[in-house]
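Just protein.csv here, CSV, C-alpha atoms:
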```csv
chain,number,residue,atom,x,y,z
A,1,MET,CA,-15.9,8.6,3.0
A,2,ILE,CA,-13.0,10.7,1.7
A,3,ASP,CA,-12.9,11.2,-2.1
A,4,THR,CA,-9.3,10.5,-2.8
A,5,SER,CA,-9.4,11.5,-6.5
A,6,TYR,CA,-8.5,15.1,-5.7
A,7,MET,CA,-6.8,14.5,-2.3
A,8,PRO,CA,-3.1,15.7,-2.0
A,9,TYR,CA,-0.8,12.8,-1.3
A,10,GLN,CA,2.7,12.7,0.2
A,11,LEU,CA,5.4,10.8,-1.5
A,12,PRO,CA,8.0,10.0,1.2
A,13,PRO,CA,11.5,11.5,0.7
A,14,PRO,CA,13.7,9.4,-1.6
A,15,LEU,CA,15.9,6.9,0.2
A,16,LYS,CA,19.7,7.1,0.0
A,17,PRO,CA,22.4,4.7,1.0
A,18,GLY,CA,23.3,5.2,4.7
A,19,ASP,CA,19.6,5.6,5.7
A,20,LEU,CA,18.3,3.6,8.6
A,21,LEU,CA,15.5,1.1,7.7
A,22,GLN,CA,13.5,-0.8,10.3
A,23,VAL,CA,12.4,-4.4,9.9
A,24,VAL,CA,9.0,-5.4,11.2
A,25,THR,CA,6.9,-8.6,11.2
A,26,PRO,CA,3.3,-7.3,11.4
A,27,SER,CA,1.5,-10.4,10.0
A,28,GLY,CA,2.3,-14.1,10.1
A,29,ALA,CA,5.1,-15.7,12.0
A,30,LEU,CA,8.4,-15.7,10.2
A,31,ARG,CA,9.3,-19.2,8.8
A,32,GLU,CA,11.5,-18.7,5.8
A,33,LEU,CA,14.7,-17.8,7.5
A,34,GLU,CA,17.2,-18.6,4.7
A,35,VAL,CA,15.5,-16.3,2.1
A,36,PHE,CA,14.8,-13.7,4.8
A,37,HIS,CA,18.5,-13.3,5.5
A,38,LYS,CA,19.1,-13.2,1.7
A,39,GLY,CA,16.6,-10.3,1.6
A,40,ILE,CA,18.4,-8.5,4.4
A,41,GLU,CA,21.7,-8.8,2.6
A,42,ILE,CA,20.2,-7.3,-0.6
A,43,TRP,CA,19.2,-4.1,1.2
A,44,ARG,CA,22.5,-4.0,3.1
A,45,SER,CA,24.5,-4.5,-0.2
A,46,ARG,CA,22.9,-1.3,-1.4
A,47,GLY,CA,24.3,0.6,1.5
A,48,TYR,CA,21.3,0.7,3.9
A,49,HIS,CA,21.4,0.1,7.6
A,50,LEU,CA,18.8,-2.3,8.8
A,51,GLU,CA,17.5,-2.5,12.4
A,52,MET,CA,15.5,-5.4,13.6
A,53,SER,CA,12.4,-4.4,15.6
A,54,ASP,CA,11.9,-6.0,19.0
A,55,GLY,CA,9.9,-9.1,18.5
A,56,TRP,CA,10.5,-9.5,14.8
A,57,ASP,CA,10.9,-13.3,15.3
A,58,ALA,CA,8.1,-13.8,17.8
A,59,ARG,CA,5.3,-16.4,17.4
A,60,ASP,CA,1.8,-16.6,18.7
A,61,GLY,CA,-0.1,-19.3,16.8
A,62,TYR,CA,-0.2,-18.2,13.2
A,63,LEU,CA,0.7,-14.7,14.2
A,64,ALA,CA,4.1,-13.1,14.6
A,65,GLY,CA,3.5,-12.5,18.3
A,66,SER,CA,0.6,-10.8,20.1
A,67,ASP,CA,-1.4,-8.0,18.5
A,68,ALA,CA,0.1,-5.6,21.2
A,69,LEU,CA,3.7,-6.7,20.3
A,70,ARG,CA,3.2,-6.3,16.5
A,71,ARG,CA,1.4,-3.0,17.0
A,72,GLN,CA,4.2,-1.8,19.1
A,73,GLN,CA,6.8,-2.8,16.4
A,74,LEU,CA,4.9,-0.9,13.8
A,75,ALA,CA,4.3,2.2,15.9
A,76,ALA,CA,7.9,2.4,17.1
A,77,ALA,CA,9.2,2.2,13.5
A,78,TRP,CA,6.7,4.7,12.3
A,79,HIS,CA,7.5,7.3,15.0
A,80,ASN,CA,11.3,6.8,15.0
A,81,PRO,CA,12.6,10.0,13.3
A,82,GLU,CA,15.8,8.2,12.3
A,83,CYS,CA,13.9,5.5,10.4
A,84,LYS,CA,13.3,6.3,6.7
A,85,ALA,CA,11.5,3.2,5.6
A,86,ILE,CA,9.7,0.2,7.1
A,87,LEU,CA,10.5,-3.2,5.5
A,88,CYS,CA,8.0,-6.0,6.2
A,89,THR,CA,9.5,-9.5,6.6
A,90,ARG,CA,6.5,-11.4,5.1
A,91,GLY,CA,2.7,-11.4,4.6
A,92,GLY,CA,0.5,-14.1,5.9
A,93,TYR,CA,-2.3,-12.8,8.1
A,94,GLY,CA,-2.6,-10.4,10.9
A,95,THR,CA,-2.3,-6.7,9.9
A,96,ALA,CA,-6.0,-6.0,9.9
A,97,ARG,CA,-6.0,-6.9,13.6
A,98,LEU,CA,-3.6,-4.0,14.2
A,99,LEU,CA,-5.7,-1.4,12.6
A,100,GLU,CA,-8.6,-1.5,15.0
A,101,ASN,CA,-8.6,2.0,16.7
A,102,TRP,CA,-5.3,2.7,14.9
A,103,THR,CA,-4.3,6.2,13.7
A,104,TRP,CA,-1.0,6.7,12.0
A,105,GLU,CA,-0.6,10.4,12.9
A,106,THR,CA,-1.4,10.0,16.6
A,107,GLN,CA,-0.4,6.5,17.5
A,108,ASN,CA,1.7,6.3,20.6
A,109,GLN,CA,1.3,10.1,21.2
A,110,GLU,CA,0.7,11.3,24.8
A,111,THR,CA,-2.8,12.3,25.8
A,112,GLY,CA,-1.8,15.9,26.3
A,113,ASN,CA,-0.3,16.0,22.8
A,114,LYS,CA,-3.6,14.7,21.4
A,115,GLU,CA,-5.5,17.4,23.2
A,116,LYS,CA,-3.1,20.0,21.7
A,117,VAL,CA,-3.8,18.6,18.2
A,118,GLU,CA,-7.5,18.9,18.7
A,119,SER,CA,-7.2,22.4,20.1
A,120,ILE,CA,-5.2,23.5,17.1
A,121,LYS,CA,-7.7,21.7,14.8
A,122,ILE,CA,-10.6,23.7,16.2
A,123,LYS,CA,-8.8,27.0,16.2
A,124,SER,CA,-7.5,26.5,12.6
A,125,HIS,CA,-11.0,25.6,11.4
A,126,GLN,CA,-12.5,28.8,13.0
A,127,SER,CA,-9.8,31.1,11.6
A,128,GLN,CA,-9.3,29.2,8.3
A,129,VAL,CA,-5.6,29.0,9.1
A,130,ILE,CA,-5.1,26.2,6.7
A,131,SER,CA,-6.2,28.1,3.6
A,132,GLN,CA,-5.1,31.6,4.7
A,133,ASN,CA,-1.9,31.2,6.7
A,134,GLN,CA,-0.5,27.8,5.8
A,135,GLU,CA,3.1,28.6,6.5
A,136,GLU,CA,2.3,30.0,10.0
A,137,PHE,CA,0.3,26.9,10.8
A,138,GLU,CA,3.0,24.5,9.8
A,139,ILE,CA,5.5,26.4,12.0
A,140,LEU,CA,3.1,26.2,14.9
A,141,ALA,CA,2.6,22.5,14.5
A,142,ASN,CA,6.3,21.8,14.2
A,143,SER,CA,7.2,23.9,17.2
A,144,GLU,CA,4.7,21.9,19.3
A,145,ASN,CA,6.2,18.6,17.9
A,146,LEU,CA,2.7,17.5,16.9
A,147,SER,CA,1.4,14.8,14.6
A,148,LEU,CA,-1.5,16.2,12.5
A,149,PRO,CA,-4.9,14.4,12.2
A,150,SER,CA,-5.5,12.7,8.9
A,151,SER,CA,-8.5,15.0,8.3
A,152,PHE,CA,-6.1,17.9,7.7
A,153,LEU,CA,-4.6,16.1,4.7
A,154,THR,CA,-7.8,16.6,2.7
A,155,GLN,CA,-7.8,20.4,3.1
A,156,ASN,CA,-4.5,21.6,1.7
A,157,SER,CA,-2.0,20.1,-0.7
A,158,LYS,CA,0.9,21.6,1.2
A,159,LEU,CA,-0.1,20.1,4.5
A,160,LYS,CA,2.1,17.0,5.3
A,161,THR,CA,2.3,14.6,8.1
A,162,GLN,CA,5.5,14.7,10.1
A,163,HIS,CA,6.2,11.0,10.1
A,164,SER,CA,5.9,10.1,6.4
A,165,LYS,CA,8.2,7.3,5.4
A,166,TRP,CA,8.2,4.4,3.0
A,167,LEU,CA,6.3,1.2,3.9
A,168,ILE,CA,7.1,-1.7,1.6
A,169,GLY,CA,5.2,-5.0,1.2
A,170,PHE,CA,2.3,-6.8,-0.5
A,171,SER,CA,-0.3,-9.5,0.1
A,172,ASP,CA,-1.5,-9.1,3.8
A,173,ILE,CA,0.4,-5.8,3.9
A,174,THR,CA,-2.4,-4.5,1.6
A,175,ASN,CA,-4.2,-3.6,4.9
A,176,LEU,CA,-1.4,-1.2,5.9
A,177,LEU,CA,-0.9,0.2,2.4
A,178,TRP,CA,-4.6,1.0,2.1
A,179,SER,CA,-4.7,2.5,5.6
A,180,LEU,CA,-1.8,4.8,4.7
A,181,TYR,CA,-3.4,5.7,1.4
A,182,HIS,CA,-6.6,6.6,3.3
A,183,SER,CA,-4.4,9.0,5.3
A,184,GLY,CA,-2.9,10.6,2.3
A,185,ILE,CA,0.5,8.9,2.3
A,186,CYS,CA,2.0,6.8,-0.5
A,187,GLY,CA,3.6,3.4,0.0
A,188,VAL,CA,5.1,0.6,-2.1
A,189,HIS,CA,3.3,-2.6,-3.2
A,190,GLY,CA,6.4,-4.7,-3.7
A,191,PRO,CA,8.6,-7.6,-2.5
A,192,VAL,CA,8.9,-8.3,1.2
A,193,LEU,CA,12.2,-9.5,2.7
A,194,THR,CA,11.4,-13.2,2.3
A,195,THR,CA,10.6,-12.8,-1.5
A,196,ILE,CA,13.0,-10.1,-2.8
A,197,ALA,CA,15.8,-12.6,-3.3
A,198,ALA,CA,13.7,-14.5,-5.8
A,199,GLU,CA,13.2,-11.4,-8.0
A,200,PRO,CA,15.1,-11.0,-11.2
A,201,GLU,CA,17.6,-8.2,-11.3
A,202,TRP,CA,15.4,-5.8,-13.2
A,203,SER,CA,12.6,-6.1,-10.6
A,204,ILE,CA,15.0,-5.5,-7.7
A,205,ASN,CA,16.4,-2.5,-9.5
A,206,ARG,CA,12.9,-1.2,-10.1
A,207,LEU,CA,12.2,-1.3,-6.4
A,208,PHE,CA,15.2,0.7,-5.6
A,209,ASP,CA,14.4,3.1,-8.5
A,210,LEU,CA,11.0,3.7,-6.9
A,211,VAL,CA,12.2,4.4,-3.4
A,212,GLU,CA,15.3,6.3,-4.5
A,213,GLY,CA,13.2,8.7,-6.6
A,214,ARG,CA,14.1,7.6,-10.2
A,215,HIS,CA,11.7,7.2,-13.1
A,216,LEU,CA,9.9,3.9,-13.4
A,217,LYS,CA,9.6,2.1,-16.8
A,218,PRO,CA,6.1,1.1,-18.0
A,219,LEU,CA,4.8,-2.4,-17.5
A,220,THR,CA,3.2,-4.3,-20.4
A,221,GLY,CA,0.5,-6.9,-20.2
A,222,VAL,CA,-2.5,-8.0,-22.3
A,223,GLY,CA,-4.9,-5.2,-23.2
A,224,TRP,CA,-8.6,-5.9,-23.1
A,225,GLY,CA,-9.5,-2.6,-24.9
A,226,GLY,CA,-11.3,0.4,-23.6
A,227,GLY,CA,-8.8,3.1,-24.5
A,228,LYS,CA,-6.7,5.2,-22.2
A,229,VAL,CA,-7.5,6.4,-18.7
A,230,SER,CA,-5.5,8.2,-15.9
A,231,GLY,CA,-6.0,7.8,-12.2
A,232,ARG,CA,-4.4,7.0,-8.9
A,233,LEU,CA,-2.9,3.5,-8.7
A,234,LEU,CA,-4.3,1.5,-5.8
A,235,PRO,CA,-2.6,-2.0,-5.7
A,236,ALA,CA,-4.0,-4.8,-3.5
A,237,ASN,CA,-4.3,-8.5,-2.9
A,238,LEU,CA,-7.9,-9.0,-4.0
A,239,THR,CA,-9.0,-11.2,-1.0
A,240,VAL,CA,-7.4,-8.9,1.6
A,241,ALA,CA,-8.9,-5.8,0.0
A,242,THR,CA,-12.3,-7.4,-0.1
A,243,HIS,CA,-12.3,-7.7,3.7
A,244,LEU,CA,-11.7,-4.0,3.9
A,245,LEU,CA,-14.8,-3.0,2.0
A,246,GLY,CA,-17.3,-1.3,4.2
A,247,THR,CA,-14.8,-0.7,7.0
A,248,PRO,CA,-13.3,2.6,8.1
A,249,ILE,CA,-10.0,1.6,6.4
A,250,GLN,CA,-11.6,1.5,3.0
A,251,PRO,CA,-10.7,4.7,1.0
A,252,SER,CA,-12.9,6.1,-1.7
A,253,LEU,CA,-12.2,4.2,-4.9
A,254,GLU,CA,-13.4,7.2,-7.0
A,255,GLY,CA,-10.8,8.0,-9.6
A,256,THR,CA,-8.6,5.0,-8.9
A,257,ILE,CA,-7.0,2.4,-11.1
A,258,LEU,CA,-7.0,-0.9,-9.1
A,259,ALA,CA,-4.1,-3.2,-9.5
A,260,LEU,CA,-5.2,-6.7,-8.3
A,261,GLU,CA,-3.5,-10.0,-7.7
A,262,ASP,CA,-4.2,-13.1,-5.6
A,263,VAL,CA,-3.0,-16.6,-4.7
A,264,THR,CA,-4.5,-20.0,-3.8
A,265,GLU,CA,-8.1,-19.0,-4.4
A,266,ALA,CA,-10.1,-21.4,-6.5
A,267,PRO,CA,-11.9,-19.9,-9.5
A,268,TYR,CA,-15.3,-20.0,-7.8
A,269,ARG,CA,-14.0,-18.1,-4.9
A,270,ILE,CA,-12.6,-15.3,-7.1
A,271,ASP,CA,-16.1,-15.4,-8.8
A,272,ARG,CA,-17.7,-15.0,-5.4
A,273,ILE,CA,-15.4,-12.1,-4.4
A,274,LEU,CA,-15.8,-10.2,-7.6
A,275,THR,CA,-19.6,-10.7,-7.5
A,276,GLN,CA,-19.6,-9.1,-4.1
A,277,TRP,CA,-17.6,-6.1,-5.5
A,278,ARG,CA,-20.2,-5.8,-8.3
A,279,MET,CA,-23.3,-6.1,-6.1
A,280,SER,CA,-21.9,-3.7,-3.4
A,281,GLY,CA,-21.2,-1.1,-6.0
A,282,ALA,CA,-17.5,-1.1,-5.1
A,283,PHE,CA,-16.4,-0.8,-8.7
A,284,LYS,CA,-18.4,2.5,-9.1
A,285,GLY,CA,-16.0,5.3,-9.8
A,286,VAL,CA,-13.0,3.0,-10.6
A,287,CYS,CA,-11.3,4.2,-13.8
A,288,GLY,CA,-9.5,1.1,-14.8
A,289,ILE,CA,-8.1,-2.2,-13.6
A,290,ALA,CA,-4.6,-3.7,-13.9
A,291,LEU,CA,-4.5,-7.4,-13.2
A,292,GLY,CA,-1.4,-9.1,-12.1
A,293,ARG,CA,-0.8,-12.8,-11.4
A,294,PHE,CA,-3.5,-15.1,-9.9
A,295,SER,CA,-1.2,-17.9,-9.0
A,296,ARG,CA,-2.3,-21.4,-7.8
A,297,CYS,CA,-5.9,-20.4,-8.5
A,298,GLU,CA,-6.8,-23.6,-10.3
A,299,ALA,CA,-9.9,-25.6,-9.6
A,300,PRO,CA,-9.4,-28.8,-7.6
A,301,HIS,CA,-8.6,-31.8,-9.8
A,302,GLY,CA,-11.6,-33.5,-11.3
A,303,ILE,CA,-14.1,-30.7,-10.4
A,304,PRO,CA,-15.8,-29.0,-13.3
A,305,SER,CA,-14.8,-25.4,-13.4
A,306,TRP,CA,-14.1,-22.3,-15.4
A,307,THR,CA,-10.4,-21.3,-15.5
A,308,ILE,CA,-9.4,-18.3,-13.5
A,309,ALA,CA,-8.9,-16.3,-16.7
A,310,GLU,CA,-12.5,-17.1,-17.7
A,311,VAL,CA,-13.8,-15.9,-14.3
A,312,LEU,CA,-11.9,-12.7,-14.6
A,313,ARG,CA,-13.2,-12.0,-18.1
A,314,ASP,CA,-16.8,-12.9,-17.0
A,315,ARG,CA,-16.8,-10.7,-13.9
A,316,LEU,CA,-14.8,-7.7,-15.1
A,317,GLY,CA,-15.1,-7.6,-18.9
A,318,ASP,CA,-18.5,-5.9,-18.9
A,319,LEU,CA,-17.6,-3.0,-16.5
A,320,GLY,CA,-17.0,-0.7,-19.4
A,321,ILE,CA,-13.5,0.5,-18.3
A,322,PRO,CA,-10.0,-0.1,-19.6
A,323,ILE,CA,-8.4,-3.3,-18.3
A,324,ILE,CA,-5.0,-4.9,-18.6
A,325,SER,CA,-4.2,-8.5,-17.5
A,326,ASP,CA,-1.1,-10.6,-17.2
A,327,LEU,CA,1.0,-7.8,-15.7
A,328,PRO,CA,4.2,-8.9,-13.8
A,329,PHE,CA,3.2,-8.5,-10.2
A,330,GLY,CA,1.9,-10.8,-7.5
A,331,HIS,CA,2.8,-14.1,-5.8
A,332,ASP,CA,4.9,-16.9,-7.2
A,333,GLY,CA,6.8,-14.9,-9.8
A,334,VAL,CA,8.1,-11.5,-10.7
A,335,ASN,CA,6.5,-8.9,-8.3
A,336,ALA,CA,7.3,-5.6,-9.9
A,337,ALA,CA,7.1,-2.7,-7.4
A,338,LEU,CA,4.1,-0.5,-7.8
A,339,PRO,CA,3.7,3.0,-6.2
A,340,VAL,CA,0.6,3.3,-4.2
A,341,GLY,CA,-1.4,6.5,-4.7
A,342,GLN,CA,0.6,7.9,-7.6
A,343,PHE,CA,-1.1,8.9,-10.9
A,344,VAL,CA,-0.7,6.4,-13.7
A,345,GLU,CA,-2.0,6.0,-17.3
A,346,LEU,CA,-3.6,2.7,-18.2
A,347,ASP,CA,-3.7,2.0,-22.0
A,348,GLY,CA,-6.3,-0.8,-22.3
A,349,ASP,CA,-5.8,-1.1,-26.1
A,350,ASN,CA,-2.0,-1.6,-26.0
A,351,GLY,CA,-1.7,-3.2,-22.6
A,352,ILE,CA,0.6,-0.6,-21.1
A,353,LEU,CA,0.7,0.8,-17.6
A,354,SER,CA,2.9,3.8,-17.2
A,355,TRP,CA,3.6,6.7,-14.8
A,356,GLN,CA,6.0,9.4,-13.7
A,357,VAL,CA,7.1,9.2,-10.1
A,358,SER,CA,7.4,12.8,-8.8
A,359,GLN,CA,7.8,14.5,-5.5
A,360,ASP,CA,5.0,16.9,-6.6
A,361,SER,CA,2.0,14.8,-5.7
```

Take the structure I supplied and represent it as structure tokens, if you would.
Amino acid sequence: MIDTSYMPYQLPPPLKPGDLLQVVTPSGALRELEVFHKGIEIWRSRGYHLEMSDGWDARDGYLAGSDALRRQQLAAAWHNPECKAILCTRGGYGTARLLENWTWETQNQETGNKEKVESIKIKSHQSQVISQNQEEFEILANSENLSLPSSFLTQNSKLKTQHSKWLIGFSDITNLLWSLYHSGICGVHGPVLTTIAAEPEWSINRLFDLVEGRHLKPLTGVGWGGGKVSGRLLPANLTVATHLLGTPIQPSLEGTILALEDVTEAPYRIDRILTQWRMSGAFKGVCGIALGRFSRCEAPHGIPSWTIAEVLRDRLGDLGIPIISDLPFGHDGVNAALPVGQFVELDGDNGILSWQVSQDS
């Protein structure tokens, strides 16, 4: 497993009005049409051109069309050189199904192109091109119009994938964000098109500040103590992330600060999930934890139970790392945009999560 604590990451180029953004529905079938169109209008009001992917409104049971259709949507948007960002319509369930045998850098590439990639990979390894002649290697790759294997991203901070662009979403989109992070590319854990219209103005502005390359203000919650720590921010829906543990999609959590939220999970279920993380050793190497909203996570009426706050304290409070709770992100309320893979500082004493978004990652 790749140790991401030292790995070079690519922050996609800042967006600017006039850019083309592609709309995809990679998870559950779209139901919330009124708020969806309001979300579209928010992006268009900022000067962006939005293109609807083929099949964005498809349905197949609880999924937004077949796996093949949704995978095709995602691949087409990712490999469209005119597209600068991918906007997810909603979460739900389904993105994990797309990631079986999926590779961002080579998806939809011709077989002959893949063979050229592997040939260059072998030759560059033998001659140490990456470390000794980086500029020449990048020219060669670009001249061949190749996508580079994700393994290259661990070897040189200047080596970048050709198709880097913003991917924005949360909840089930955690699967895609973690998969990109595993490949060395930063994304945005933030409002989808069906939720952005419910965000307060400061939260909407924050999202655009992030993708347009401006500084993000700190977020403040409730500090549990433990001092200050720095690390790469890795946001996630807790339940979705748990189902990635032990899979090829799971990145190393060494040196990360987890930002976790969840929805509609009873306290005992969150207890069960966090106990699995503890027993599997998944928290080993995690520097700190930033907790967002755990909404609609109450126990059924009349059933004896701890509160969700008590469960979180019980299962996380003895890890010996700085923790902040009650941060403004997650479902059913303000969902402040978080940059995936960027360095942040977590102040567990004062309850402050802060960072500097920079192109130099």

TODO: Work out how far atom CA of A:His182 is from atom CA of A:Lys228, in Å to one decimal.
DONE: 25.5 Å

Open item on the list: From the options A:Glu199, A:Glu254, A:Asp60, A:Asp19, which residue's atoms come nearest to A:Arg44, counting all atoms listed in the file?
Closed with: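 Closest to A:Arg44 of all the choices is A:Asp19.
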
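Close contacts of stretch 315-332 of chain A, defined as residues with an atom at most 6 Å away when counting all atoms listed in the file, with chain neighbours fewer than 5 positions off set aside, comprise A:Gly221, A:Val222, A:Gly223, A:Trp224, A:Gly225, A:Gly226, A:Gly227, A:Glu261, A:Gly288, A:Ile289, A:Ala290, A:Leu291, A:Gly292, A:Arg293, A:Gly348, A:Gly351.
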
Task: Contacts of A:Trp178 within 10 Å, only C-alpha atoms, excl. fewer than 5 positions in-chain, as JSON, numbers by chain - done: {"A": [173, 183, 184, 185, 186, 187, 234, 235, 236, 241, 244, 249, 250, 251, 340, 341]}

Open item on the list: Neighbouring residues of A:Ile303 were defined as those with any atom within 12 Å, considering only C-alpha atoms; residues of the same chain fewer than 4 positions away were excluded. Please report them as a ChimeraX atom specification.
Closed with: /A:266-268,298-299,307

TODO: Determine the nearest neighbour of A:Thr239 from the options A:Trp355, A:Phe294, A:Phe208, A:Phe343, counting all atoms listed in the file.
DONE: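 Answer, going by the shortest atom-to-atom distance: A:Phe294.
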
Task: Distance query stretch 83-90 of chain A at most 8 Å, all atoms listed in the file, self and fewer than 3 positions along chain excluded, as a ChimeraX atom specification - done: /A:15,19-28,30,36,77-78,80,165-169,173,192-195

Open item on the list: Report, in Å with one decimal, the straight-line distance from atom CA of A:Leu260 to atom CA of A:Ser179.
Closed with: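 According to the coordinates, atom CA of A:Leu260 and atom CA of A:Ser179 are separated by 16.7 Å.
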